[in-house]
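S.K.: To be precise about what I am sending: the file is called protein.cif and holds mmCIF, C-alpha atoms.
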```cif
data_structure
#
loop_
_atom_site.label_atom_id
_atom_site.label_comp_id
_atom_site.auth_asym_id
_atom_site.auth_seq_id
_atom_site.Cartn_x
_atom_site.Cartn_y
_atom_site.Cartn_z
CA MET N 1 117.59 125.68 75.83
CA TRP N 2 114.39 123.61 75.58
CA TYR N 3 116.12 120.31 74.84
CA TYR N 4 118.43 120.80 77.83
CA LEU N 5 115.34 121.35 79.96
CA ILE N 6 113.73 118.13 78.66
CA LEU N 7 116.99 116.29 79.40
CA ALA N 8 117.20 117.77 82.91
CA GLY N 9 113.55 116.86 83.56
CA PHE N 10 114.25 113.36 82.23
CA ALA N 11 117.20 112.87 84.63
CA GLY N 12 115.19 114.13 87.60
CA GLY N 13 112.15 112.04 86.64
CA LEU N 14 114.29 108.92 86.17
CA ILE N 15 115.82 109.18 89.65
CA GLY N 16 112.47 110.21 91.16
CA GLY N 17 110.71 107.27 89.50
CA MET N 18 113.22 104.98 91.19
CA GLY N 19 112.24 106.52 94.51
CA MET N 20 115.58 108.16 95.25
CA GLY N 21 114.59 111.83 95.39
CA GLY N 22 114.60 113.30 91.90
CA GLY N 23 114.29 116.87 93.15
CA THR N 24 117.60 116.77 94.97
CA LEU N 25 119.21 116.09 91.58
CA LEU N 26 117.05 118.31 89.35
CA ILE N 27 117.64 121.52 91.34
CA PRO N 28 121.48 121.43 91.13
CA ILE N 29 121.32 120.41 87.43
CA LEU N 30 119.24 123.52 86.75
CA THR N 31 121.52 125.85 88.70
CA ILE N 32 124.92 124.40 87.75
CA PHE N 33 124.40 123.46 84.07
CA LEU N 34 121.60 125.79 82.99
CA SER N 35 122.53 128.81 85.15
CA ILE N 36 118.97 129.10 86.46
CA SER N 37 118.69 130.97 89.77
CA GLN N 38 118.40 128.91 92.96
CA HIS N 39 114.94 130.28 93.77
CA LEU N 40 113.57 129.59 90.28
CA ALA N 41 115.11 126.08 90.27
CA GLN N 42 113.38 125.29 93.56
CA GLY N 43 110.05 126.72 92.37
CA LEU N 44 110.30 124.73 89.12
CA ASN N 45 111.10 121.51 90.96
CA LEU N 46 108.03 121.95 93.18
CA LEU N 47 105.86 122.63 90.13
CA VAL N 48 107.24 119.70 88.10
CA PHE N 49 106.43 117.33 90.95
CA ILE N 50 102.70 118.13 90.70
CA PRO N 51 101.86 116.42 87.34
CA THR N 52 104.18 113.46 87.99
CA GLY N 53 102.82 113.15 91.52
CA ILE N 54 99.21 113.10 90.30
CA ILE N 55 99.98 110.35 87.76
CA ALA N 56 101.75 108.26 90.42
CA LEU N 57 98.90 108.82 92.89
CA ILE N 58 96.26 107.58 90.45
CA ILE N 59 98.23 104.34 90.03
CA HIS N 60 98.80 103.97 93.79
CA ALA N 61 95.11 104.69 94.58
CA LYS N 62 94.08 101.94 92.15
CA ASN N 63 96.43 99.54 93.94
CA LYS N 64 95.00 100.72 97.30
CA LEU N 65 98.40 101.69 98.65
CA LEU N 66 97.39 105.02 100.22
CA ASP N 67 97.18 105.21 104.02
CA PHE N 68 94.77 108.14 104.57
CA LYS N 69 94.74 107.85 108.37
CA THR N 70 98.48 108.45 108.67
CA PHE N 71 98.28 111.09 105.94
CA LEU N 72 95.69 113.12 107.92
CA PHE N 73 97.99 113.49 110.93
CA ILE N 74 100.97 114.59 108.85
CA ILE N 75 99.37 116.90 106.34
CA PHE N 76 98.09 119.83 108.43
CA PRO N 77 101.32 120.77 110.23
CA ALA N 78 103.16 119.99 106.98
CA ILE N 79 101.19 122.51 104.91
CA ALA N 80 101.54 125.19 107.59
CA SER N 81 105.31 124.82 107.88
CA ALA N 82 105.70 124.46 104.09
CA ILE N 83 104.07 127.86 103.56
CA GLY N 84 106.16 129.48 106.30
CA PHE N 85 109.46 128.04 105.12
CA SER N 86 108.68 128.81 101.46
CA PHE N 87 108.32 132.48 102.44
CA LEU N 88 111.57 132.25 104.40
CA ALA N 89 113.47 130.74 101.43
CA ASN N 90 112.15 133.43 99.11
CA SER N 91 113.18 136.19 101.47
CA LEU N 92 116.81 134.96 101.54
CA ASP N 93 119.62 136.14 99.31
CA GLU N 94 120.31 133.72 96.44
CA GLN N 95 123.92 132.97 97.40
CA VAL N 96 122.92 132.21 101.00
CA LEU N 97 120.13 129.85 99.90
CA LYS N 98 122.52 128.12 97.49
CA ILE N 99 125.10 127.44 100.22
CA ILE N 100 122.46 126.15 102.68
CA PHE N 101 121.13 123.91 99.88
CA GLY N 102 124.67 122.61 99.28
CA ILE N 103 125.04 121.74 102.97
CA PHE N 104 121.66 119.98 102.84
CA LEU N 105 122.81 117.91 99.84
CA VAL N 106 126.07 116.88 101.55
CA ILE N 107 124.18 115.75 104.69
CA ILE N 108 121.58 113.83 102.63
CA GLY N 109 124.39 112.27 100.57
CA ILE N 110 126.30 111.12 103.66
CA ILE N 111 123.12 109.56 105.15
CA MET N 112 122.44 107.78 101.84
CA LEU N 113 126.02 106.54 101.73
CA ILE N 114 125.74 105.09 105.26
CA VAL N 115 122.44 103.39 104.35
CA ALA N 116 123.97 102.00 101.14
CA ILE N 117 127.01 100.64 103.01
CA LYS N 118 124.71 99.05 105.62
CA ASN N 119 122.73 97.42 102.79
CA VAL N 120 125.93 96.05 101.26
CA ILE N 121 126.96 94.53 104.60
CA LYS N 122 123.47 93.08 105.09
CA SER N 123 123.38 91.47 101.63
CA LYS N 124 126.90 90.08 102.15
CA ASN N 125 125.85 88.56 105.47
CA LYS N 126 122.84 86.97 103.82
CA LEU N 127 125.07 85.54 101.12
CA THR N 128 127.56 84.05 103.60
CA ASP N 129 124.62 82.64 105.61
CA LYS N 130 123.33 80.95 102.49
CA LEU N 131 126.73 79.55 101.57
CA GLY N 132 127.29 78.49 105.17
CA VAL N 133 130.70 80.17 105.33
CA MET P 1 88.72 78.23 144.13
CA PRO P 2 87.91 80.24 147.25
CA LYS P 3 85.90 83.36 146.80
CA LYS P 4 88.66 85.72 147.91
CA ALA P 5 91.16 84.27 145.47
CA ARG P 6 88.67 84.56 142.65
CA ILE P 7 88.12 88.23 143.43
CA LEU P 8 91.85 88.78 143.60
CA VAL P 9 92.36 87.12 140.23
CA ARG P 10 89.58 89.20 138.77
CA ILE P 11 91.07 92.44 140.12
CA PHE P 12 94.47 91.44 138.83
CA PHE P 13 93.25 90.77 135.31
CA LYS P 14 91.08 93.83 135.27
CA ASN P 15 94.07 95.92 136.23
CA ALA P 16 96.23 94.11 133.75
CA ASN P 17 93.68 94.94 131.11
CA ASN P 18 93.62 98.55 132.16
CA PHE P 19 97.38 98.65 132.10
CA ASN P 20 97.40 97.33 128.56
CA MET P 21 94.87 99.91 127.47
CA ASP P 22 96.92 102.64 129.05
CA THR P 23 100.11 101.63 127.28
CA GLN P 24 98.17 101.27 124.04
CA LYS P 25 96.76 104.76 124.46
CA LYS P 26 100.19 106.09 125.29
CA GLN P 27 101.68 104.43 122.22
CA ARG P 28 98.96 105.88 120.03
CA ALA P 29 99.45 109.34 121.50
CA LEU P 30 103.20 109.02 120.91
CA LYS P 31 102.59 107.94 117.31
CA VAL P 32 100.29 110.92 116.69
CA PHE P 33 102.87 113.25 118.26
CA ILE P 34 105.62 111.81 116.04
CA LEU P 35 103.44 112.21 112.94
CA LEU P 36 102.59 115.85 113.76
CA LEU P 37 106.26 116.62 114.37
CA ALA P 38 107.25 114.76 111.21
CA GLY P 39 104.71 116.74 109.21
CA THR P 40 106.21 120.00 110.44
CA LEU P 41 109.71 118.83 109.50
CA ILE P 42 108.69 117.51 106.07
CA GLY P 43 106.86 120.74 105.23
CA ALA P 44 109.79 122.85 106.40
CA VAL P 45 112.39 120.97 104.33
CA ASN P 46 110.24 120.76 101.22
CA GLY P 47 109.22 124.41 101.41
CA PHE P 48 112.67 125.74 102.18
CA PHE P 49 114.65 123.62 99.70
CA GLY P 50 111.92 123.26 97.08
CA GLY P 51 112.10 119.46 97.32
CA GLY P 52 113.53 116.59 99.32
CA GLY P 53 110.54 116.21 101.64
CA GLY P 54 109.86 112.73 100.28
CA MET P 55 113.31 111.55 101.36
CA ILE P 56 112.34 112.32 104.96
CA CYS P 57 108.71 111.27 104.65
CA VAL P 58 109.38 107.70 103.45
CA PRO P 59 111.65 106.63 106.36
CA ILE P 60 109.24 108.18 108.89
CA LEU P 61 106.28 106.30 107.40
CA LEU P 62 108.34 103.10 107.48
CA ALA P 63 109.19 103.79 111.14
CA VAL P 64 105.51 104.10 112.13
CA GLY P 65 104.83 100.72 110.61
CA LEU P 66 103.75 101.20 106.98
CA SER P 67 104.91 98.67 104.38
CA ASN P 68 107.56 99.76 101.87
CA GLN P 69 105.07 100.21 99.02
CA LYS P 70 102.50 102.00 101.18
CA ALA P 71 105.18 104.30 102.60
CA HIS P 72 106.26 105.39 99.11
CA ALA P 73 102.68 105.85 97.90
CA THR P 74 101.54 107.76 101.02
CA ALA P 75 104.67 109.94 100.83
CA ILE P 76 103.59 111.09 97.34
CA LEU P 77 100.08 111.74 98.68
CA THR P 78 101.63 113.93 101.39
CA MET P 79 104.06 115.73 99.08
CA LEU P 80 101.36 116.76 96.59
CA PRO P 81 99.37 119.28 98.72
CA ILE P 82 102.61 120.53 100.34
CA SER P 83 104.13 121.19 96.92
CA ILE P 84 100.97 122.94 95.69
CA ALA P 85 100.99 125.22 98.77
CA SER P 86 104.71 125.97 98.28
CA VAL P 87 104.29 126.61 94.53
CA ILE P 88 101.73 129.32 95.33
CA VAL P 89 104.26 131.06 97.61
CA TYR P 90 107.11 130.67 95.07
CA TYR P 91 104.83 131.95 92.30
CA SER P 92 103.90 135.02 94.34
CA SER P 93 107.65 135.71 94.72
CA GLY P 94 108.23 135.36 90.97
CA ALA P 95 110.13 132.04 91.19
CA ILE P 96 108.10 130.24 88.49
CA ASN P 97 108.60 130.15 84.72
CA TRP P 98 105.81 128.40 82.79
CA GLU P 99 107.80 127.81 79.60
CA TYR P 100 110.66 126.14 81.49
CA PHE P 101 108.07 124.14 83.40
CA LEU P 102 106.50 122.79 80.20
CA TRP P 103 109.80 121.33 78.89
CA LEU P 104 110.83 120.01 82.30
CA ALA P 105 107.46 118.31 82.79
CA ILE P 106 107.71 116.54 79.43
CA GLY P 107 111.14 115.14 80.31
CA SER P 108 110.13 114.36 83.86
CA VAL P 109 107.04 112.33 82.99
CA ILE P 110 108.99 110.23 80.45
CA GLY P 111 111.90 109.78 82.88
CA GLY P 112 109.54 108.98 85.74
CA ILE P 113 107.81 106.17 83.86
CA LEU P 114 111.14 104.74 82.69
CA GLY P 115 112.58 104.98 86.21
CA ALA P 116 109.63 103.12 87.70
CA LEU P 117 110.00 100.37 85.08
CA LEU P 118 113.80 100.12 85.49
CA LEU P 119 113.48 99.94 89.28
CA LYS P 120 112.40 96.32 89.05
CA LYS P 121 115.41 95.32 86.95
CA LEU P 122 118.44 97.12 88.35
CA SER P 123 120.44 96.32 91.46
CA ASN P 124 119.38 98.85 94.03
CA VAL P 125 122.45 98.88 96.29
CA ALA P 126 124.91 99.83 93.55
CA LEU P 127 122.59 102.61 92.40
CA GLN P 128 122.17 103.95 95.93
CA PHE P 129 125.94 104.03 96.29
CA ILE P 130 126.53 105.93 93.04
CA PHE P 131 123.69 108.36 93.74
CA ALA P 132 124.92 109.10 97.27
CA VAL P 133 128.44 109.94 96.04
CA LEU P 134 127.00 112.05 93.22
CA ILE P 135 124.80 114.02 95.64
CA ILE P 136 127.76 114.73 97.96
CA LEU P 137 129.91 115.97 95.04
CA VAL P 138 127.09 118.13 93.69
CA GLY P 139 126.48 119.53 97.19
CA ILE P 140 130.13 120.58 97.50
CA ARG P 141 129.96 122.14 94.03
CA MET P 142 127.08 124.36 95.26
CA PHE P 143 129.46 126.21 97.60
CA PHE P 144 131.41 127.71 94.67
#
```
Using the file provided, produce a representation of the structure as structure tokens.

M.R.:
Amino acid sequence: MWYYLILAGFAGGLIGGMGMGGGTLLIPILTIFLSISQHLAQGLNLLVFIPTGIIALIIHAKNKLLDFKTFLFIIFPAIASAIGFSFLANSLDEQVLKIIFGIFLVIIGIIMLIVAIKNVIKSKNKLTDKLGV
Amino acid sequence: MPKKARILVRIFFKNANNFNMDTQKKQRALKVFILLLAGTLIGAVNGFFGGGGGMICVPILLAVGLSNQKAHATAILTMLPISIASVIVYYSSGAINWEYFLWLAIGSVIGGILGALLLKKLSNVALQFIFAVLIILVGIRMFF
């Protein structure tokens, strides 16, 4: 089991490191391929983010990329609602949470697809501008 | 310039200045309101789904005027305390396994470093496309 877990963590970390949302991939890998319960997969994903997040933050702080002013406005309501909704998720039946998570993934995927298509069109336009076509 | 005209000009500019300050204040208040609302949404998504808050946080930070790099960095800064708070709740409900965590963390740190390095070399649009399709398929698979 342990090497599958390293592999799953690697896949999630790889996507996360590219800035595409590693957690959205790691959670379904854990539930679909490793038969881990939806609640445990979500808890593990949250926990795994902490060490990777700290490492990334140290690098970003050195490069002075952190905007603390904006952060201060977001963080307080965010922590409050995170605690509330974590309790809500943990009070739900596993199958229900799994289906809601699936819907969430489909919506996120469709938004990403639209953004990707827009980017393709944009880069094509730039290319034709350059070529003068 | 006659005295009256001068006074009029002065009043006009003073008011114009006031008007500018008002709109500036309004814009700031709106920005703060958006950020508070965004925080609530980010916390809700990340707490409920155990992840994915960053995907909402980055576009919001871009929308309020942060640069791409700063938006990504500040999103991680935001996600860290939220995740810690959520982990405490998940732990209290028994949804944490320390042995699984250890193996996942090892893979994740290695993958994370490699991903950050690869980011500079790979074409982003193609990757976005593949990832989006993958996420949709995986999402549908979750229903069964």

S.K.: On this file, the PyMOL selection byres ((chain N) within 6 of (chain P)) gives some set of residues; write that set as a VMD selection string.

M.R.: chain N and resid 5 to 6 9 to 10 13 to 14 17 to 18 23 to 24 39 to 40 42 to 44 46 48 52 60 65 to 67 73 to 74 77 to 79 81 to 83 85 to 86 89 99 102 105 to 106 109 112 to 113 116

S.K.: How many Å lie between atom CA of Leu72 of chain N and atom CA of Ile108 of chain N, rounded to one decimal?

M.R.: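 One can read the atom CA of Leu72 of chain N to atom CA of Ile108 of chain N distance as 26.4 Å.
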
S.K.: Between atom CA of Lys118 of chain N and atom CA of Leu62 of chain P, what distance in Å does the model show, to one decimal?

M.R.: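 So the two atoms, atom CA of Lys118 of chain N and atom CA of Leu62 of chain P, lie 17.0 Å apart.
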
S.K.: Which residue out of N:Leu25, N:Ala56, N:Ile121, N:Ala41 has the minimum interatomic distance to Leu97 of chain N when all atoms listed in the file are used?

M.R.: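 Looking at the shortest contact to Leu97 of chain N, the residue is N:Ala41.
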